[in-house]
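First up is the structure itself, then whatever we jot down about it.
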Amino acid sequence: MMTLSNIRLENYKKYANFSLAFEEGLTGIIGRNGSGKSTIFDGIIFALYGEVRGQKENLKYAKAGEKENVSVTLEFEIDGKTYKVVRELRGKSQVAKASLYHDNDALLSDGVKEVTKSISKLVGMSRDAFMHTVFASQKELTALSGLKNEERKKIIRKLLGLEKIDKIELEIRGELTDLNRAIKSFEEILLSESAKKEIAEQQGTLTKSFNDKTKEVAAIAASYEAKQKELTALTKELEALQKLKEEFTRLNSELTLLQQNKVNQTQNLSVTTVKLQRLNSLSIQYEKEKPLIAEYRALEEKLKVFQTQKEMRLVKEGLEKEQVLLREQYKEFKDEISALEEKVKSRPELIAREKRLKEQHSVVQEQLGKHETLEQGLRAEIAKLQGVVAETEKRVAKIQELGRESACPTCTRPLLDEYDNVISALQHEIRDSYTQQIEKHHGELKTELDTKQKLSAEKTAIEKTINETSTALKILASDEMTLAKKNEAFIGVTLKGKANNEKLEALKEASYDEKAHQEAETSRKGLEAKYRELIGTESLIKEIPALTDEVKKIEALIKQIDADIKAKETLIKNHTYDEKLHVAKAKLFEEEQGKREAINKSLREGEKVLESIKGDIKTLQSRIDTDTKQRVQLQSKLDDKNDYEKLKSFMAEFKNKINAKIAPRISQLASEMYSTITKGKYQHIEVSDEFDFFIYDEGQRHSIERFSGGEIDLANLVLRIAISKTLAELNGSSSVGFLAFDEVFGSQDEERRLEIMEAFHTIKEQYRQIFLISHESEIKEMFEKIVEL
């Protein structure tokens, strides 16, 4: 038997984080509309079957973060074994996850579909069957008797899952309609026997025409082949003549190219000879002026020496100027370093002074703390004494208000004659004891405050001196850093000065003649134009040997070309090509080719006729083949129709058997409960095959509408429970141990509510858990257990 243990909802609909333990017995789940009562049972269905009402996107708690998960955890028992199912929608995209555990959190199944499949197997019901078996609403109860017969019949058939059989029957009728329509269509298009005979005669006539035309086309094809052989022989003759023509043309082209090449080489020889003569004249002039090149290069070397000397003089002058600046920096750094060294000498003394002041400050701070503690103690003691005085004064005032008959503060007996003595004693206690102590503590407090003020002033003075000393030390620390940088710079100036002195010593003998430098530069510029001209000439006359060789090569090439021209002229003169013969053969070829094309045209026309006859024969055969296939398809449709007719008959018989079984079973279960609830007043409720309801009163059958509203409500209730049990039995799972009813009280008065609750108390032994959801807070006392939302 299946019972619920507990459920946990996280970010699910109205709940951010909610847990509920399900107890055994009759439990009321009470809350205002919109408080989330039905959400708990929505969560149960979601956990078990992963299905929800409405959009999946609306499941998440409105205030949950975008990346937070929706989670429902349900624990339940089946036949003493514990199970836990966890369903989640993870992340922004709400990816579904599911896990099923049993006993000690051992994983039984994982994955959305796998878990749903395992749950259905454990419970023995699908989601719809489970819903109709376990849950019921006020709307369902009133519908059982309040609606018209057809509407009531639809609801009950839906609760029992019988509408699926109706749907199957409807689908079968639709299939039979389609099959009858298809069979009729096939019968209309099939060939008759006379049509098939006519097609056979047409096939015979076309076959004879095809054979006759085939012989005619074969004769034309033989004529075409003979003409093709004649053209092949002519083609070979033309190819030979064409080859002779191409060779003759090539020889003439080669001769023309040789003659043109001779003209080109003769011109090239003339140009090269003139260039060679001009270079020979330049070579003679170059040899005369060649010494000027050596003179110009000697001047360039001399100028390099002068430039080096000039650069050394500039370096020396720069070093001398830098040494003057370095001497000034040396003296300046030395004076600044001496001043800073004198200044930082006082730093150790200041450090020691700062240490002493901090020690004094700690002592004063400690003394202040002690005096503040004493001050707080005195103030607390004064407040305590003042409280005692106030309390005593209240007692005096109370005694005075009560008079002489009031009780003694210590022994509680009436004061009577001791009234004045008690008043006087209490006033004396206030005046002589507490007031004196308070005045004493005020004096001690004033002394503490004066001492504390002096210590505070001393502390402030010490802190001021410490701050001044600390500031002076910070300044000296900065001066020490400056001193270190100055020393570093001083060492750098000293080293730089020594290095410069060494360089100046090396340049001591350096000399430079600026006038001689300028004279050499002027001489070089005067020779520069001639020098460049001679260098250019030198480059040109280097070509003389190559040009001499080139003239010899051109002369030899012209001689070879003359020999080649004579050889080509001889070959052309002795060639065998006959142009007239070539033209005659080409004309004959064209005439014979025309004759072949005429034969080919006749051949193509004959073949076209053959293809047409063949197409007609194929079309006729296609009609025969199509008719054969359609007859096969028709037979298949007839076989399908026969199968569906058998299935239709079977479903009708099955439905009759189910109806015959369901109505009596519902009647039996409902009668047993109704008899118990009404304490034997009504022994039997009858449910007809058409799901009309009747109640037997003193052996007489009456329509349910005859009875009072309370009796109808109770009848509806037991009928709904009977339907749930029947459905569980049909699904092979009669072990569900709980029921849930949503707002079954509706707008009923108190008397009807009591009757319904009494009914539930009567049947509760049949179910380990019964949950009633209601927004009526007035019925809380009717339940064994209450969950308020």
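Identifiers in the structure tokens: chain A, B, ... in order shown; residue index from 1 per chain; ligand index from 1 in order shown.
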Each residue of range 194-311 of chain A lying at most 8 Å from range 581-598 of chain A should get a row with its shortest atom-to-atom pair and the distance in Å to one decimal, counting only C-alpha atoms; could you produce that, ordered by chain and increasing number, as JSON lines?
{"residue": "A:Tyr224", "atom": "CA", "partner": "A:Arg596", "partner_atom": "CA", "distance": 6.4}
{"residue": "A:Lys227", "atom": "CA", "partner": "A:Arg596", "partner_atom": "CA", "distance": 6.0}
{"residue": "A:Gln228", "atom": "CA", "partner": "A:Arg596", "partner_atom": "CA", "distance": 7.0}
{"residue": "A:Leu231", "atom": "CA", "partner": "A:Glu592", "partner_atom": "CA", "distance": 6.8}
{"residue": "A:Leu234", "atom": "CA", "partner": "A:Phe589", "partner_atom": "CA", "distance": 6.4}
{"residue": "A:Thr235", "atom": "CA", "partner": "A:Phe589", "partner_atom": "CA", "distance": 7.6}
{"residue": "A:Glu237", "atom": "CA", "partner": "A:Lys585", "partner_atom": "CA", "distance": 7.9}
{"residue": "A:Leu238", "atom": "CA", "partner": "A:Lys585", "partner_atom": "CA", "distance": 6.7}
{"residue": "A:Leu241", "atom": "CA", "partner": "A:His582", "partner_atom": "CA", "distance": 6.1}
{"residue": "A:Gln242", "atom": "CA", "partner": "A:His582", "partner_atom": "CA", "distance": 7.8}
Problem - Near-Ile423 in chain A list (8 Å; only C-alpha atoms; drop same-chain fewer than 6 positions) as an MDAnalysis selection string - result: chainID A and resid 396 399:400
Would you export the selected residues with N, CA, C and O atoms as an mmCIF file, in the first residue's frame, please?
data_model
loop_
_atom_site.group_PDB
_atom_site.id
_atom_site.type_symbol
_atom_site.label_atom_id
_atom_site.label_comp_id
_atom_site.auth_asym_id
_atom_site.auth_seq_id
_atom_site.Cartn_x
_atom_site.Cartn_y
_atom_site.Cartn_z
ATOM 1 N N VAL A 396 6.974 53.443 51.470
ATOM 2 C CA VAL A 396 6.430 54.376 52.476
ATOM 3 C C VAL A 396 5.113 54.944 51.974
ATOM 4 O O VAL A 396 4.106 54.991 52.704
ATOM 5 N N ILE A 399 2.363 52.334 52.137
ATOM 6 C CA ILE A 399 1.901 52.087 53.509
ATOM 7 C C ILE A 399 1.023 53.234 53.971
ATOM 8 O O ILE A 399 -0.031 53.036 54.600
ATOM 9 N N GLN A 400 1.482 54.466 53.604
ATOM 10 C CA GLN A 400 0.681 55.631 53.995
ATOM 11 C C GLN A 400 -0.680 55.592 53.307
ATOM 12 O O GLN A 400 -1.688 55.976 53.890
#
When you count only C-alpha atoms, which of these residues is closest to Thr266 in chain A: A:Ile561, A:Leu717, A:Val422, A:Leu603?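 Of A:Ile561, A:Leu717, A:Val422, A:Leu603, the one nearest Thr266 in chain A, counting only C-alpha atoms, is A:Ile561.
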Tell me which of A:Leu455, A:Leu108, A:Leu325, A:Ile666 sits closest to Lys496 in chain A, counting only C-alpha atoms.
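Checking each candidate against Lys496 in chain A, we get A:Leu325 as the closest.
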* Kindly indicate which residue among A:Leu4, A:Ala226, A:Val687, A:Ala136 lies nearest to Asp742 in chain A, using only C-alpha atoms for the distances. =>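 Once distances to Asp742 in chain A are computed over only C-alpha atoms, the minimum belongs to A:Ala136.
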Quick one: everything within 8 Å of Lys459 in chain A, counting only C-alpha atoms, minus sequence neighbours fewer than 3 positions away in the same chain. Send it as a count of residues only. 7
If we count only C-alpha atoms and set the cut-off at 8 Å, which residues sit around range 12-22 of chain A, ignoring sequence neighbours fewer than 5 positions away in its own chain? Please answer as a PyMOL selection string. chain A and resi 4-7+35-36+39+43+58-64+70-72
Save out the residues we just selected, N, CA and C atoms, as a compact mmCIF listing (two decimals), in the first residue's frame.
# COMPACT_ATOMS: atom_id res chain seq x y z
N LEU A 4 2.06 8.59 1.71
CA LEU A 4 2.98 9.72 1.58
C LEU A 4 3.69 9.97 2.91
N SER A 5 5.00 10.31 2.85
CA SER A 5 5.77 10.58 4.07
C SER A 5 5.99 12.08 4.26
N ASN A 6 6.64 12.71 3.30
CA ASN A 6 6.83 14.17 3.40
C ASN A 6 7.19 14.74 2.03
N ILE A 7 7.07 16.05 1.90
CA ILE A 7 7.39 16.76 0.65
C ILE A 7 8.16 18.03 0.99
N SER A 35 -3.44 30.68 -0.95
CA SER A 35 -2.38 30.46 0.05
C SER A 35 -1.46 29.30 -0.33
N GLY A 36 -1.80 28.55 -1.38
CA GLY A 36 -0.91 27.48 -1.85
C GLY A 36 -1.31 26.09 -1.40
N THR A 39 -1.29 23.79 -4.38
CA THR A 39 0.10 23.72 -4.89
C THR A 39 0.83 22.52 -4.31
N GLY A 43 2.59 19.70 -6.52
CA GLY A 43 3.98 19.28 -6.32
C GLY A 43 4.11 17.77 -6.26
N ASN A 58 6.25 29.16 -15.64
CA ASN A 58 5.55 29.79 -14.51
C ASN A 58 5.71 29.01 -13.22
N LEU A 59 6.48 27.93 -13.21
CA LEU A 59 6.66 27.13 -12.00
C LEU A 59 7.56 27.82 -10.98
N LYS A 60 8.55 28.60 -11.45
CA LYS A 60 9.56 29.14 -10.53
C LYS A 60 8.96 30.22 -9.64
N TYR A 61 9.37 30.19 -8.38
CA TYR A 61 8.99 31.20 -7.39
C TYR A 61 9.36 32.58 -7.91
N ALA A 62 8.43 33.54 -7.83
CA ALA A 62 8.58 34.84 -8.48
C ALA A 62 9.84 35.59 -8.02
N LYS A 63 10.25 35.42 -6.75
CA LYS A 63 11.38 36.17 -6.23
C LYS A 63 12.69 35.39 -6.31
N ALA A 64 12.68 34.22 -6.91
CA ALA A 64 13.90 33.42 -7.03
C ALA A 64 14.84 34.04 -8.05
N VAL A 70 14.55 25.13 -9.43
CA VAL A 70 13.25 24.70 -8.88
C VAL A 70 13.42 23.23 -8.47
N SER A 71 13.00 22.91 -7.23
CA SER A 71 13.22 21.54 -6.75
C SER A 71 12.02 21.07 -5.93
N VAL A 72 11.58 19.81 -6.21
CA VAL A 72 10.53 19.16 -5.41
C VAL A 72 11.04 17.78 -5.01
For Lys542 in chain A, find every residue with an atom within 12 Å (counting only C-alpha atoms), except residues of its own chain fewer than 2 positions away, and show them as a PDB file with C-alpha atoms, in the first residue's frame.
ATOM      1  CA  LEU A 276      82.840  50.004 -81.414  1.00  0.00           C
ATOM      2  CA  LEU A 279      84.539  53.515 -77.925  1.00  0.00           C
ATOM      3  CA  ASN A 280      88.008  53.090 -79.475  1.00  0.00           C
ATOM      4  CA  LEU A 282      87.187  57.380 -76.125  1.00  0.00           C
ATOM      5  CA  SER A 283      89.834  54.836 -75.035  1.00  0.00           C
ATOM      6  CA  TYR A 286      91.027  58.207 -71.497  1.00  0.00           C
ATOM      7  CA  ILE A 535      85.130  56.967 -64.285  1.00  0.00           C
ATOM      8  CA  GLY A 536      82.162  56.819 -66.743  1.00  0.00           C
ATOM      9  CA  THR A 537      84.537  56.466 -69.720  1.00  0.00           C
ATOM     10  CA  GLU A 538      86.442  53.740 -67.881  1.00  0.00           C
ATOM     11  CA  SER A 539      83.200  51.783 -67.519  1.00  0.00           C
ATOM     12  CA  LEU A 540      82.344  52.212 -71.231  1.00  0.00           C
ATOM     13  CA  ILE A 544      85.271  47.049 -76.319  1.00  0.00           C
ATOM     14  CA  PRO A 545      86.372  43.338 -76.198  1.00  0.00           C
ATOM     15  CA  ALA A 546      82.759  42.141 -75.975  1.00  0.00           C
ATOM     16  CA  LEU A 547      81.657  44.367 -78.875  1.00  0.00           C
ATOM     17  CA  THR A 548      84.583  43.108 -81.018  1.00  0.00           C
TER      18      THR A 548
END
Within 9 Å of Asn252 in chain A, counting only C-alpha atoms, which residues qualify if same-chain residues fewer than 5 places away don't, as a PDB file with C-alpha atoms, in the first residue's frame?
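Contents of the output file out22.pdb:
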ATOM      1  CA  GLU A 247      54.628  21.425 -95.661  1.00  0.00           C
ATOM      2  CA  LEU A 257      61.750  34.456 -91.850  1.00  0.00           C
ATOM      3  CA  LYS A 568      65.109  26.480 -98.685  1.00  0.00           C
ATOM      4  CA  GLU A 569      64.778  27.886-102.232  1.00  0.00           C
ATOM      5  CA  ILE A 572      60.504  24.835-102.627  1.00  0.00           C
TER       6      ILE A 572
END
Correct to one decimal, the distance CA of Thr482 in chain A-CA of Asn500 in chain A is 26.8 Å
*Just the alpha helix (DSSP H) stuff from range 491-697 of chain A, please, per backbone DSSP, written as an NGL selection string.*
:A and (491-506 or 514-541 or 544-573 or 579-677)
Contacts of range 621-640 of chain A with range 172-177 of chain A up to 12 Å, shortest pair per row, only C-alpha atoms, as JSON lines:
{"residue": "A:Lys637", "atom": "CA", "partner": "A:Leu176", "partner_atom": "CA", "distance": 9.9}
{"residue": "A:Leu638", "atom": "CA", "partner": "A:Leu176", "partner_atom": "CA", "distance": 10.3}
{"residue": "A:Asp639", "atom": "CA", "partner": "A:Leu176", "partner_atom": "CA", "distance": 11.5}
{"residue": "A:Asp640", "atom": "CA", "partner": "A:Leu176", "partner_atom": "CA", "distance": 8.7}
With N, CA, C and O atoms kept, could you save the residues just selected as a CSV table (one decimal), in the first residue's frame?
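File written: out.csv
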chain,number,residue,atom,x,y,z
A,637,LYS,N,-6.6,-3.5,-49.6
A,637,LYS,CA,-7.6,-2.7,-48.9
A,637,LYS,C,-8.7,-3.5,-48.4
A,637,LYS,O,-9.3,-3.3,-47.3
A,638,LEU,N,-9.1,-4.5,-49.2
A,638,LEU,CA,-10.2,-5.4,-48.8
A,638,LEU,C,-9.8,-6.2,-47.6
A,638,LEU,O,-10.6,-6.4,-46.7
A,639,ASP,N,-8.5,-6.7,-47.6
A,639,ASP,CA,-8.0,-7.4,-46.4
A,639,ASP,C,-8.0,-6.5,-45.2
A,639,ASP,O,-8.4,-7.0,-44.1
A,640,ASP,N,-7.6,-5.3,-45.3
A,640,ASP,CA,-7.5,-4.3,-44.2
A,640,ASP,C,-9.0,-4.0,-43.7
A,640,ASP,O,-9.2,-4.0,-42.5
Requested in this report: Check the DSSP output for the backbone and give back, as number ranges by chain, the residues of range 547-767 of chain A in strand (DSSP E or B).
Outcome: A: 684-687, 693-697, 700-703, 736, 738-742
Selected residue of minimal separation from Phe771 in chain A among A:His517, A:Lys785, A:Lys113, A:Lys81, counting only C-alpha atoms
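Of the candidates, the smallest distance to Phe771 in chain A is held by A:Lys785.
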Using only C-alpha atoms, which of A:Ile662, A:Leu26, A:Ala339, A:Ala520 sits nearest Ser688 in chain A?
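The shortest atom-to-atom distance to Ser688 in chain A comes from A:Ile662.
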